[in-house]
$ cat target.txt   # compact mmCIF, C-alpha atoms
# COMPACT_ATOMS: atom_id res chain seq x y z
CA MET Y 1 26.40 -32.12 0.19
CA SER Y 2 22.74 -32.89 0.85
CA LYS Y 3 21.55 -36.09 2.51
CA PRO Y 4 20.09 -38.97 0.52
CA ILE Y 5 16.30 -38.55 0.38
CA GLU Y 6 15.59 -41.80 2.28
CA GLU Y 7 17.76 -40.64 5.16
CA LEU Y 8 16.01 -37.27 5.15
CA LYS Y 9 12.59 -38.94 5.24
CA HIS Y 10 13.61 -41.03 8.24
CA GLU Y 11 14.93 -37.93 9.98
CA ILE Y 12 11.61 -36.11 9.33
CA LYS Y 13 9.65 -38.98 10.87
CA ILE Y 14 11.84 -38.87 13.98
CA LEU Y 15 11.50 -35.07 14.12
CA ILE Y 16 7.68 -35.22 13.91
CA MET Y 17 7.45 -37.96 16.51
CA SER Y 18 9.75 -36.24 18.98
CA THR Y 19 8.04 -32.87 18.45
CA LEU Y 20 4.62 -34.36 19.13
CA ALA Y 21 5.89 -36.74 21.84
CA ILE Y 22 4.69 -39.81 19.95
CA ASN Y 23 6.44 -42.85 21.40
CA ASP Y 24 4.21 -45.73 20.43
CA ILE Y 25 4.84 -45.85 16.68
CA ASP Y 26 7.78 -47.33 14.82
CA PRO Y 27 9.03 -44.86 12.18
CA LYS Y 28 9.15 -47.78 9.73
CA ASP Y 29 5.37 -48.10 10.02
CA VAL Y 30 4.83 -44.55 8.82
CA ASP Y 31 4.09 -44.61 5.10
CA ASP Y 32 6.10 -42.01 3.17
CA ASP Y 33 3.33 -41.20 0.73
CA LYS Y 34 0.08 -41.61 2.63
CA PRO Y 35 -1.57 -38.40 3.89
CA LEU Y 36 -0.53 -37.34 7.36
CA PHE Y 37 -3.86 -35.62 8.00
CA GLY Y 38 -7.13 -37.46 8.30
CA GLY Y 39 -5.89 -40.47 6.36
CA ASP Y 40 -5.00 -44.01 7.34
CA ASN Y 41 -1.31 -43.44 7.94
CA ALA Y 42 0.22 -44.73 11.17
CA LEU Y 43 0.75 -41.08 12.06
CA THR Y 44 -2.49 -39.12 11.93
CA LEU Y 45 -2.22 -35.46 12.72
CA ASP Y 46 -4.49 -32.45 13.21
CA SER Y 47 -4.16 -28.75 12.43
CA VAL Y 48 -2.57 -27.92 15.78
CA ASP Y 49 0.08 -30.56 15.13
CA ALA Y 50 0.63 -28.92 11.75
CA ILE Y 51 1.86 -25.65 13.20
CA GLU Y 52 4.14 -27.52 15.62
CA ILE Y 53 5.65 -29.41 12.69
CA ILE Y 54 6.09 -26.24 10.63
CA MET Y 55 8.00 -24.63 13.48
CA ALA Y 56 10.09 -27.74 14.11
CA ILE Y 57 11.06 -27.89 10.41
CA GLN Y 58 11.93 -24.20 10.53
CA ARG Y 59 14.16 -24.63 13.57
CA THR Y 60 15.85 -27.83 12.39
CA TYR Y 61 16.47 -27.02 8.74
CA GLY Y 62 16.60 -23.22 8.89
CA ILE Y 63 13.85 -22.78 6.29
CA ARG Y 64 10.66 -20.85 6.77
CA ILE Y 65 7.29 -22.09 5.53
CA ALA Y 66 5.57 -18.77 6.03
CA ASP Y 67 2.37 -19.10 4.10
CA GLN Y 68 -0.31 -21.53 5.26
CA ASN Y 69 -1.44 -22.10 1.68
CA ILE Y 70 2.02 -23.42 0.88
CA ALA Y 71 2.34 -25.16 4.23
CA ARG Y 72 -0.85 -27.10 3.56
CA ASN Y 73 0.69 -28.61 0.43
CA VAL Y 74 4.11 -29.13 1.97
CA ILE Y 75 3.05 -31.11 5.00
CA THR Y 76 0.74 -33.46 3.14
CA SER Y 77 3.08 -36.45 3.49
CA ILE Y 78 6.60 -37.37 4.55
CA THR Y 79 7.68 -37.39 0.89
CA SER Y 80 6.26 -33.90 0.23
CA ILE Y 81 8.05 -32.51 3.31
CA ALA Y 82 11.34 -34.11 2.24
CA THR Y 83 10.99 -32.82 -1.32
CA PHE Y 84 10.29 -29.31 -0.03
CA ILE Y 85 13.29 -29.33 2.31
CA GLU Y 86 15.54 -30.59 -0.48
CA SER Y 87 14.35 -27.91 -2.90
CA GLN Y 88 14.79 -25.14 -0.32
CA GLN Y 89 18.27 -26.32 0.56
CA ALA Y 90 19.17 -26.52 -3.12
CA ASN Y 91 17.86 -22.96 -3.65
CA SER Y 92 19.85 -21.53 -0.77
CA ALA Y 93 23.01 -23.35 -1.91
CA SER Y 94 22.77 -22.00 -5.47
CA MET C 1 -14.85 -19.66 -21.66
CA ILE C 2 -11.90 -18.32 -19.72
CA ILE C 3 -10.88 -14.74 -20.40
CA PRO C 4 -7.91 -14.92 -22.80
CA ASN C 5 -4.49 -14.44 -21.18
CA TYR C 6 -5.92 -14.46 -17.67
CA LYS C 7 -3.36 -16.21 -15.45
CA HIS C 8 -4.36 -17.68 -12.13
CA LYS C 9 -1.87 -17.41 -9.30
CA MET C 10 -2.12 -18.47 -5.67
CA ALA C 11 -1.69 -15.70 -3.15
CA ALA C 12 -1.35 -15.40 0.60
CA HIS C 13 -4.38 -13.19 1.08
CA CYS C 14 -7.64 -12.95 -0.84
CA GLU C 15 -7.88 -9.15 -1.09
CA SER C 16 -4.26 -8.35 -1.93
CA GLY C 17 -4.17 -11.44 -4.18
CA THR C 18 -7.26 -10.30 -6.09
CA ILE C 19 -5.96 -6.76 -6.58
CA THR C 20 -2.60 -8.16 -7.73
CA ALA C 21 -4.31 -10.51 -10.20
CA LEU C 22 -6.29 -7.66 -11.79
CA LEU C 23 -3.22 -5.41 -11.99
CA ASN C 24 -1.07 -8.22 -13.46
CA HIS C 25 -3.74 -8.98 -16.06
CA GLY C 26 -3.82 -5.29 -16.93
CA GLY C 27 -0.08 -5.42 -17.63
CA LEU C 28 1.34 -4.06 -14.39
CA ASN C 29 4.16 -6.20 -13.07
CA ILE C 30 3.66 -5.99 -9.32
CA THR C 31 3.88 -8.60 -6.56
CA GLU C 32 1.31 -9.33 -3.88
CA PRO C 33 3.62 -8.24 -1.01
CA MET C 34 4.22 -4.94 -2.86
CA VAL C 35 0.47 -4.38 -3.19
CA PHE C 36 0.01 -5.24 0.49
CA GLY C 37 2.79 -2.89 1.61
CA ILE C 38 1.89 0.07 -0.57
CA ALA C 39 -1.71 -0.32 0.58
CA SER C 40 -0.57 -0.21 4.26
CA GLY C 41 -2.25 -3.56 4.81
CA ILE C 42 -0.45 -4.29 8.07
CA PHE C 43 -2.45 -3.28 11.11
CA PHE C 44 -3.66 -4.31 14.54
CA GLY C 45 -6.99 -3.76 16.25
CA TYR C 46 -8.47 -5.35 19.35
CA PHE C 47 -12.23 -5.36 19.90
CA HIS C 48 -13.20 -6.21 23.43
CA LYS C 49 -16.87 -5.33 23.34
CA MET C 50 -18.52 -4.57 20.04
CA LYS C 51 -22.01 -5.16 18.75
CA SER C 52 -20.71 -6.85 15.60
CA PHE C 53 -18.70 -9.47 17.49
CA ALA C 54 -20.19 -11.99 19.87
CA PHE C 55 -16.83 -12.46 21.62
CA PRO C 56 -13.70 -10.30 21.96
CA THR C 57 -11.54 -10.55 18.86
CA PHE C 58 -8.73 -8.85 16.97
CA ILE C 59 -7.71 -8.02 13.42
CA VAL C 60 -4.24 -7.97 11.90
CA ARG C 61 -4.94 -6.07 8.66
CA ASN C 62 -6.67 -2.90 7.63
CA LYS C 63 -10.39 -2.65 6.86
CA PRO C 64 -11.69 -4.80 3.95
CA GLY C 65 -11.77 -2.69 0.81
CA GLN C 66 -9.17 -0.25 2.10
CA MET C 67 -6.30 -1.97 0.29
CA ARG C 68 -8.05 -1.29 -3.01
CA THR C 69 -8.68 2.38 -2.28
CA ASN C 70 -5.14 2.90 -0.93
CA ILE C 71 -3.66 1.28 -4.03
CA GLU C 72 -5.74 3.58 -6.23
CA LYS C 73 -4.54 6.67 -4.37
CA ARG C 74 -0.88 5.65 -4.23
CA LEU C 75 -0.31 4.06 -7.63
CA GLY C 76 -2.77 6.21 -9.55
CA VAL C 77 -4.57 3.12 -10.91
CA ARG C 78 -8.36 3.22 -11.11
CA PHE C 79 -10.92 0.52 -10.44
CA LYS C 80 -14.57 0.67 -11.45
CA THR C 81 -16.82 -0.50 -8.63
CA TYR C 82 -20.45 -1.57 -8.62
CA ASP C 83 -22.91 -2.71 -5.97
CA PHE C 84 -26.47 -3.84 -6.35
CA LYS C 85 -29.72 -4.28 -4.50
CA ASP C 86 -31.11 -6.56 -7.18
CA PRO C 87 -29.29 -9.90 -7.69
CA VAL C 88 -30.59 -10.12 -11.29
CA LYS C 89 -28.99 -6.80 -12.19
CA GLY C 90 -25.87 -7.87 -10.30
CA GLN C 91 -25.53 -10.99 -12.42
CA GLN C 92 -26.32 -9.13 -15.66
CA MET C 93 -23.54 -6.63 -15.03
CA LEU C 94 -21.06 -9.37 -14.17
CA ASP C 95 -21.97 -11.30 -17.33
CA GLN C 96 -21.66 -8.16 -19.41
CA LEU C 97 -18.14 -7.52 -18.09
CA LEU C 98 -17.11 -11.11 -18.72
CA LEU C 99 -18.44 -10.89 -22.29
CA GLN C 100 -16.06 -7.96 -22.76
CA ASN C 101 -13.22 -10.19 -21.45
CA ILE C 102 -12.83 -8.13 -18.29
CA PRO C 103 -11.74 -10.18 -15.24
CA THR C 104 -13.95 -8.99 -12.42
CA ALA C 105 -13.32 -9.14 -8.69
CA ALA C 106 -16.26 -10.02 -6.46
CA GLN C 107 -16.88 -9.81 -2.74
CA VAL C 108 -18.61 -12.93 -1.44
CA ASP C 109 -19.55 -14.89 1.63
CA PHE C 110 -16.91 -17.64 1.64
CA PHE C 111 -19.44 -20.18 2.94
CA TYR C 112 -21.23 -20.46 -0.42
CA MET C 113 -18.11 -21.22 -2.41
CA ASP C 114 -18.92 -24.86 -3.19
CA TYR C 115 -15.43 -25.65 -4.43
CA VAL C 116 -14.16 -25.27 -0.85
CA PRO C 117 -14.34 -28.53 1.15
CA SER C 118 -17.35 -28.37 3.49
CA TRP C 119 -15.25 -28.60 6.66
CA GLU C 120 -13.30 -25.48 5.68
CA ARG C 121 -16.32 -23.34 4.87
CA VAL C 122 -17.22 -20.56 7.29
CA HIS C 123 -19.37 -17.46 6.92
CA ILE C 124 -17.03 -14.60 6.07
CA ASN C 125 -18.69 -11.82 4.10
CA VAL C 126 -15.44 -10.24 3.01
CA HIS C 127 -13.86 -12.91 0.87
CA PHE C 128 -12.58 -11.63 -2.49
CA LEU C 129 -12.05 -13.60 -5.70
CA VAL C 130 -11.76 -12.99 -9.43
CA VAL C 131 -14.46 -14.20 -11.81
CA ALA C 132 -12.42 -15.11 -14.87
CA GLY C 133 -14.99 -16.58 -17.25
CA LYS C 134 -18.29 -18.34 -17.68
CA ASP C 135 -19.42 -21.60 -19.25
CA ALA C 136 -23.19 -22.01 -19.54
CA ASN C 137 -24.40 -21.77 -15.95
CA LYS C 138 -21.02 -22.04 -14.32
CA TYR C 139 -18.58 -19.28 -13.53
CA VAL C 140 -14.83 -19.78 -13.73
CA ILE C 141 -13.39 -18.62 -10.43
CA SER C 142 -9.82 -17.62 -9.69
CA ASP C 143 -9.61 -17.85 -5.91
CA ALA C 144 -6.18 -16.95 -4.55
CA TYR C 145 -6.40 -19.70 -1.91
CA PHE C 146 -6.61 -22.46 -4.52
CA PRO C 147 -3.87 -23.87 -6.72
CA GLY C 148 -5.97 -23.73 -9.90
CA MET C 149 -9.10 -22.16 -11.30
CA VAL C 150 -12.38 -23.74 -10.25
CA GLU C 151 -16.00 -23.73 -11.39
CA LEU C 152 -18.92 -22.42 -9.39
CA ASP C 153 -22.58 -22.56 -10.39
CA SER C 154 -24.41 -19.27 -10.75
CA THR C 155 -26.80 -19.96 -7.84
CA SER C 156 -23.93 -20.41 -5.39
CA LEU C 157 -22.15 -17.30 -6.64
CA GLU C 158 -25.36 -15.31 -6.29
CA LYS C 159 -25.88 -16.60 -2.74
CA GLY C 160 -22.32 -15.58 -1.90
CA ARG C 161 -22.61 -12.15 -3.49
CA PHE C 162 -25.92 -11.32 -1.87
CA ALA C 163 -25.49 -12.92 1.56
CA GLY C 164 -26.93 -10.91 4.42
CA GLY C 165 -25.42 -10.04 7.78
CA ASN C 166 -22.55 -7.93 8.96
CA MET C 167 -20.52 -6.40 6.10
CA SER C 168 -22.81 -8.02 3.54
CA PRO C 169 -21.28 -7.87 0.05
CA LYS C 170 -24.37 -6.30 -1.65
CA GLY C 171 -23.26 -7.83 -4.93
CA PHE C 172 -20.08 -5.75 -4.88
CA ILE C 173 -17.82 -6.23 -7.89
CA TYR C 174 -14.95 -4.24 -9.34
CA ASN C 175 -12.64 -4.28 -12.30
CA LEU C 176 -9.50 -2.51 -13.40
CA ASP C 177 -10.24 0.64 -15.35
CA LYS C 178 -6.92 2.39 -15.80
CA ILE C 179 -3.19 2.02 -15.21
CA PRO C 180 -1.25 5.27 -15.53
CA ALA C 181 1.64 5.51 -17.97
CA GLU C 182 4.08 6.39 -15.19
CA ILE C 183 4.04 5.18 -11.59
CA ASP C 184 6.16 6.78 -8.89
CA TYR C 185 6.96 3.68 -6.83
CA HIS C 186 9.31 5.54 -4.54
CA LYS C 187 6.56 7.90 -3.45
CA ALA C 188 3.98 5.11 -3.19
CA ILE C 189 6.22 2.89 -1.05
CA VAL C 190 7.23 5.69 1.30
CA LYS C 191 3.63 6.83 1.67
CA GLY C 192 2.48 3.25 2.33
CA ILE C 193 5.12 2.76 5.02
CA LYS C 194 4.46 6.12 6.67
CA LYS C 195 0.75 5.43 6.92
CA ALA C 196 1.36 1.95 8.36
CA CYS C 197 3.71 3.46 10.97
CA PHE C 198 1.09 6.08 11.83
CA TYR C 199 -1.57 3.41 12.38
CA MET C 200 0.71 1.25 14.47
CA LEU C 201 2.31 4.00 16.56
CA LYS C 202 0.32 7.19 16.60
CA ILE C 203 -3.36 6.64 15.93
CA PRO C 204 -5.04 8.14 19.01
CA ILE C 205 -7.44 5.24 19.60
CA PRO C 206 -6.67 2.95 22.54
CA PHE C 207 -7.63 -0.32 20.87
CA LEU C 208 -5.68 0.17 17.62
CA GLY C 209 -2.02 -0.32 16.70
CA ILE C 210 0.54 -1.05 19.43
CA LYS C 211 -1.86 0.30 22.07
CA GLY C 212 -4.40 -2.23 20.82
CA MET C 213 -1.88 -5.06 21.20
CA HIS C 214 -1.27 -4.08 24.82
CA MET C 215 -5.03 -3.91 25.36
CA PHE C 216 -5.37 -7.40 23.87
CA ALA C 217 -2.66 -8.62 26.26
CA ARG C 218 -4.38 -7.02 29.26
CA LYS C 219 -7.85 -8.21 28.36
CA VAL C 220 -7.18 -11.78 27.23
CA VAL C 221 -7.00 -12.85 30.88
CA GLU C 222 -10.63 -11.71 31.21
CA TRP C 223 -11.88 -13.90 28.35
CA PRO C 224 -13.21 -16.65 30.68
CA LYS C 225 -15.85 -14.11 31.89
CA PHE C 226 -17.28 -13.92 28.35
CA ALA C 227 -17.29 -17.65 27.62
CA ARG C 228 -20.30 -19.91 28.19
CA ASP C 229 -18.07 -22.71 29.43
CA ASN C 230 -14.59 -24.17 29.05
CA GLU C 231 -15.39 -25.65 25.63
CA HIS C 232 -16.42 -22.24 24.34
CA LEU C 233 -13.32 -20.62 25.83
CA SER C 234 -11.04 -23.24 24.27
CA HIS C 235 -12.69 -22.62 20.88
CA GLU C 236 -12.11 -18.86 21.18
CA ILE C 237 -8.50 -19.29 22.32
CA MET C 238 -7.78 -21.65 19.42
CA LYS C 239 -9.22 -19.01 17.09
CA ILE C 240 -6.16 -16.86 17.90
CA ASN C 241 -4.17 -19.39 15.89
CA ILE C 242 -6.68 -19.28 13.03
CA LEU C 243 -6.75 -15.48 12.91
CA LEU C 244 -2.96 -15.27 12.88
CA GLU C 245 -2.09 -18.19 10.64
CA ASP C 246 -5.00 -19.57 8.74
CA GLN C 247 -7.08 -16.78 7.27
CA GLY C 248 -4.92 -15.85 4.36
CA THR C 249 -2.47 -13.90 6.47
CA GLY C 250 0.62 -15.30 4.77
CA GLY C 251 1.66 -16.51 8.23
CA ALA C 252 2.20 -14.77 11.58
CA GLY C 253 -0.62 -12.29 11.11
CA PHE C 254 0.71 -10.74 7.86
CA ARG C 255 4.13 -10.08 9.40
CA PHE C 256 5.90 -12.36 6.89
CA ILE C 257 4.21 -10.81 3.86
CA TYR C 258 5.02 -7.29 5.10
CA ALA C 259 8.64 -8.39 5.66
CA THR C 260 8.75 -9.56 2.04
CA PHE C 261 7.40 -6.17 0.96
CA LEU C 262 10.21 -4.41 2.87
CA GLN C 263 12.80 -6.67 1.29
CA GLN C 264 11.50 -5.86 -2.22
CA ALA C 265 11.10 -2.16 -1.37
CA ALA C 266 14.73 -1.92 -0.17
CA GLY C 267 15.99 -2.57 -3.70
CA MET C 268 13.33 -0.50 -5.43
CA ILE C 269 13.90 2.69 -3.47
CA GLY C 270 17.58 2.17 -2.66
CA LYS C 271 17.25 1.92 1.11
CA PRO C 272 19.26 -1.10 2.33
CA GLU C 273 18.10 -0.48 5.91
CA LEU C 274 14.67 -1.77 4.87
CA LYS C 275 16.25 -5.14 4.12
CA GLN C 276 17.62 -5.30 7.64
CA LEU C 277 14.20 -4.31 9.02
CA SER C 278 12.66 -7.03 6.86
CA GLU C 279 14.85 -9.62 8.57
CA GLU C 280 13.89 -8.20 11.94
CA LEU C 281 10.20 -8.44 11.10
CA MET C 282 10.59 -12.08 10.03
CA LYS C 283 11.91 -12.78 13.54
CA ILE C 284 9.04 -10.78 15.06
CA GLY C 285 6.70 -12.94 12.98
CA ASP C 286 8.25 -16.06 14.46
CA GLY C 287 7.26 -14.70 17.87
CA TRP C 288 3.64 -14.27 16.71
CA ARG C 289 3.79 -17.83 15.44
CA GLU C 290 4.84 -18.93 18.95
CA ILE C 291 1.69 -17.21 20.22
CA SER C 292 -0.36 -19.10 17.60
CA LEU C 293 1.12 -22.37 18.67
CA PHE C 294 0.74 -21.65 22.38
CA SER C 295 -2.93 -20.68 21.92
CA ALA C 296 -3.66 -23.71 19.78
CA ARG C 297 -1.98 -26.00 22.29
CA ILE C 298 -3.67 -24.68 25.47
CA GLY C 299 -7.00 -24.55 23.64
CA LYS C 300 -6.68 -28.09 22.35
CA ASN C 301 -5.64 -29.42 25.77
CA ARG C 302 -8.35 -27.37 27.54
CA ASP C 303 -5.48 -26.09 29.68
CA LEU C 304 -6.90 -22.62 30.23
CA GLY C 305 -6.16 -21.77 33.83
CA PRO C 306 -5.23 -18.20 34.90
CA GLU C 307 -1.50 -18.96 34.79
CA LYS C 308 -1.70 -20.04 31.12
CA LEU C 309 -3.71 -16.96 30.16
CA LYS C 310 -1.19 -14.82 32.02
CA GLN C 311 1.59 -16.49 30.04
CA LEU C 312 -0.30 -15.75 26.81
CA SER C 313 -0.81 -12.16 27.94
CA ASP C 314 2.93 -11.76 28.61
CA MET C 315 3.77 -13.12 25.17
CA ILE C 316 1.44 -10.56 23.52
CA HIS C 317 2.85 -7.67 25.60
CA ASP C 318 6.30 -8.77 24.47
CA ARG C 319 5.26 -8.68 20.78
CA ALA C 320 3.78 -5.22 21.30
CA ASP C 321 7.06 -3.99 22.77
CA VAL C 322 9.22 -5.37 19.96
CA GLU C 323 6.81 -4.13 17.30
CA GLU C 324 6.84 -0.65 18.82
CA GLN C 325 10.64 -0.56 18.47
CA PHE C 326 10.39 -2.01 14.97
CA PHE C 327 7.86 0.55 13.70
CA MET C 328 9.84 3.39 15.28
CA SER C 329 12.92 2.24 13.33
CA LEU C 330 10.84 1.83 10.17
CA SER C 331 9.42 5.29 10.60
CA GLN C 332 12.94 6.72 10.94
CA ALA C 333 14.08 4.85 7.81
CA VAL C 334 11.57 6.65 5.58
CA LYS C 335 11.61 10.05 7.30
$ encode --input "target.txt" --output "structure tokens"
Amino acid sequence: MSKPIEELKHEIKILIMSTLAINDIDPKDVDDDKPLFGGDNALTLDSVDAIEIIMAIQRTYGIRIADQNIARNVITSITSIATFIESQQANSAS
Amino acid sequence: MIIPNYKHKMAAHCESGTITALLNHGGLNITEPMVFGIASGIFFGYFHKMKSFAFPTFIVRNKPGQMRTNIEKRLGVRFKTYDFKDPVKGQQMLDQLLLQNIPTAAQVDFFYMDYVPSWERVHINVHFLVVAGKDANKYVISDAYFPGMVELDSTSLEKGRFAGGNMSPKGFIYNLDKIPAEIDYHKAIVKGIKKACFYMLKIPIPFLGIKGMHMFARKVVEWPKFARDNEHLSHEIMKINILLEDQGTGGAGFRFIYATFLQQAAGMIGKPELKQLSEELMKIGDGWREISLFSARIGKNRDLGPEKLKQLSDMIHDRADVEEQFFMSLSQAVK
């Protein structure tokens, strides 16, 4: 059975922060819906971080975000990442 | 006015996406990975010293335009092509085709595509898109990198179509002319794979295919000699990530899209071993992605000492070795 979405979102925040060695932000301060790139979220990332996150998601959840065009949309926010992971897991389960 | 029944679809790569869009509109049900594979799009070339490039670089796909000609030869479809010296005539012909409801592919300099955010715009003379309609002075553009169709004013499109410089588009446009009644996919797929294997394994040119990958690995440690300073070197090293991941490659320098082609081909030509090779290539692609990440990281951190470049070199040699084995197996599978 899949995790509740709120739990998944928290897990994604922890994953991003540990991947990028960010220790000075409380996951609770990271807004689920604000853009992760160039916005005013507590976590602000750049394109190099993006590829690290893509690979971390791949390793942790066993799903591949191959195409950068798709990746760009997926890693817009914590919510979009969680939604993508959920949909991929649902697809592979069906 | 948008051409009736024209459907926009995002694609991994501009050229294969554009060809696929025209074929789909013409009634041929074919996927982008299938177009890419049949057209032997996968490739590798390293250019250490060339007039056209200010700094050593590499390519991970075949020559721009070659996918279209390969698809014509292998599927028996026909495209009508036009190029122009005179921008006025170039626009007249495009407008004429649109009036006949013919979606028309155009080669442009990406920089002039105003719908692209300014920070993403770079001068690339070999960007392909479909012009899918016109409203007054604005063209309706179907660009495979964008989720929906966009508008572009005629001045910007003209600037893009008639930009100067290396590989200038010269107003080049093309449209689908004919789809044959019968297509021998088995023959087309096998031919596409054989040609790709030839380019990767046997082409007798030291900077192409697997030999080119090894050359890239050997020469990357010399890149500091070509750079003005550390900033320049870091920029060039970070470009490895862009060339592999971010220029419509579908990820990992086209390895993922080619793997998808093999997976689809396995069912179409009844060769299950291609499915296994597809899975292998996905893993090979992950290794290229590690190279992307490593390059981006050392470039970003300006951590470009000889030991890091040696590490990068070793990673590229390793990819060359696994790809050599992979293409040998692929070659055997379609013998």
$ closest_residue --input "target.txt" --among "Y:Thr79, Y:Asn73, Y:Ser87, Y:Asn23" --to "C:Tyr145" --atoms "only C-alpha atoms"
Y:Asn73
$ closest_atom_pairs --input "target.txt" --of "chain C" --to "chain Y" --cutoff "9 Å" --atoms "all atoms listed in the file" --output "CSV"
residue,atom,partner,partner_atom,distance
C:Met10,CA,Y:Asn69,CA,8.2
C:Ala11,CA,Y:Asn69,CA,8.0
C:Ala12,CA,Y:Asp67,CA,6.3
C:Tyr145,CA,Y:Asn69,CA,6.6
C:Phe146,CA,Y:Asn69,CA,8.1
C:Pro147,CA,Y:Asn69,CA,8.9
C:Met238,CA,Y:Val48,CA,8.9
C:Asn241,CA,Y:Val48,CA,8.7
C:Glu245,CA,Y:Gln68,CA,6.6
C:Asp246,CA,Y:Gln68,CA,6.2
C:Gln247,CA,Y:Gln68,CA,8.5
C:Gly248,CA,Y:Gln68,CA,7.4
C:Thr249,CA,Y:Asp67,CA,7.5
C:Gly250,CA,Y:Asp67,CA,4.2
C:Gly251,CA,Y:Asp67,CA,4.9
C:Ala252,CA,Y:Ala66,CA,7.6
C:Phe256,CA,Y:Ala66,CA,6.5
C:Ile257,CA,Y:Ala66,CA,8.4
C:Asp286,CA,Y:Met55,CA,8.6
C:Arg289,CA,Y:Met55,CA,8.2
C:Glu290,CA,Y:Met55,CA,8.5
C:Ser292,CA,Y:Ile51,CA,8.2
C:Leu293,CA,Y:Ile51,CA,6.4
C:Ala296,CA,Y:Val48,CA,5.9
C:Arg297,CA,Y:Val48,CA,6.8
C:Lys300,CA,Y:Val48,CA,7.8
$ atom_distance --input "target.txt" --atom1 "atom CA of C:Arg68" --atom2 "atom CA of C:Gln264"
20.1 Å
$ residues_around --input "target.txt" --residues "stretch 330-332 of chain C" --least-positions-apart "6" --cutoff "12 Å" --atoms "only C-alpha atoms" --output "compact mmCIF listing (two decimals) with C-alpha atoms, in the frame of the given file"
# COMPACT_ATOMS: atom_id res chain seq x y z
CA VAL C 190 7.23 5.69 1.30
CA LYS C 191 3.63 6.83 1.67
CA GLY C 192 2.48 3.25 2.33
CA ILE C 193 5.12 2.76 5.02
CA LYS C 194 4.46 6.12 6.67
CA LYS C 195 0.75 5.43 6.92
CA ALA C 196 1.36 1.95 8.36
CA CYS C 197 3.71 3.46 10.97
CA PHE C 198 1.09 6.08 11.83
CA TYR C 199 -1.57 3.41 12.38
CA MET C 200 0.71 1.25 14.47
CA LEU C 201 2.31 4.00 16.56
CA LYS C 202 0.32 7.19 16.60
CA TYR C 258 5.02 -7.29 5.10
CA ALA C 259 8.64 -8.39 5.66
CA LEU C 262 10.21 -4.41 2.87
CA ALA C 266 14.73 -1.92 -0.17
CA LYS C 271 17.25 1.92 1.11
CA PRO C 272 19.26 -1.10 2.33
CA GLU C 273 18.10 -0.48 5.91
CA LEU C 274 14.67 -1.77 4.87
CA LYS C 275 16.25 -5.14 4.12
CA GLN C 276 17.62 -5.30 7.64
CA LEU C 277 14.20 -4.31 9.02
CA SER C 278 12.66 -7.03 6.86
CA GLU C 280 13.89 -8.20 11.94
CA LEU C 281 10.20 -8.44 11.10
CA GLU C 323 6.81 -4.13 17.30
CA GLU C 324 6.84 -0.65 18.82
$ residues_around --input "target.txt" --residues "stretch 128-142 of chain C" --least-positions-apart "4" --cutoff "10 Å" --atoms "all atoms listed in the file" --output "ChimeraX atom specification"
/C:1-4,6-10,13-19,21-22,64-65,94-95,97-99,101-110,113,115,146-157,169,172-175
$ atom_distance --input "target.txt" --atom1 "atom CA of C:His317" --atom2 "atom CA of C:Met215"
8.7 Å
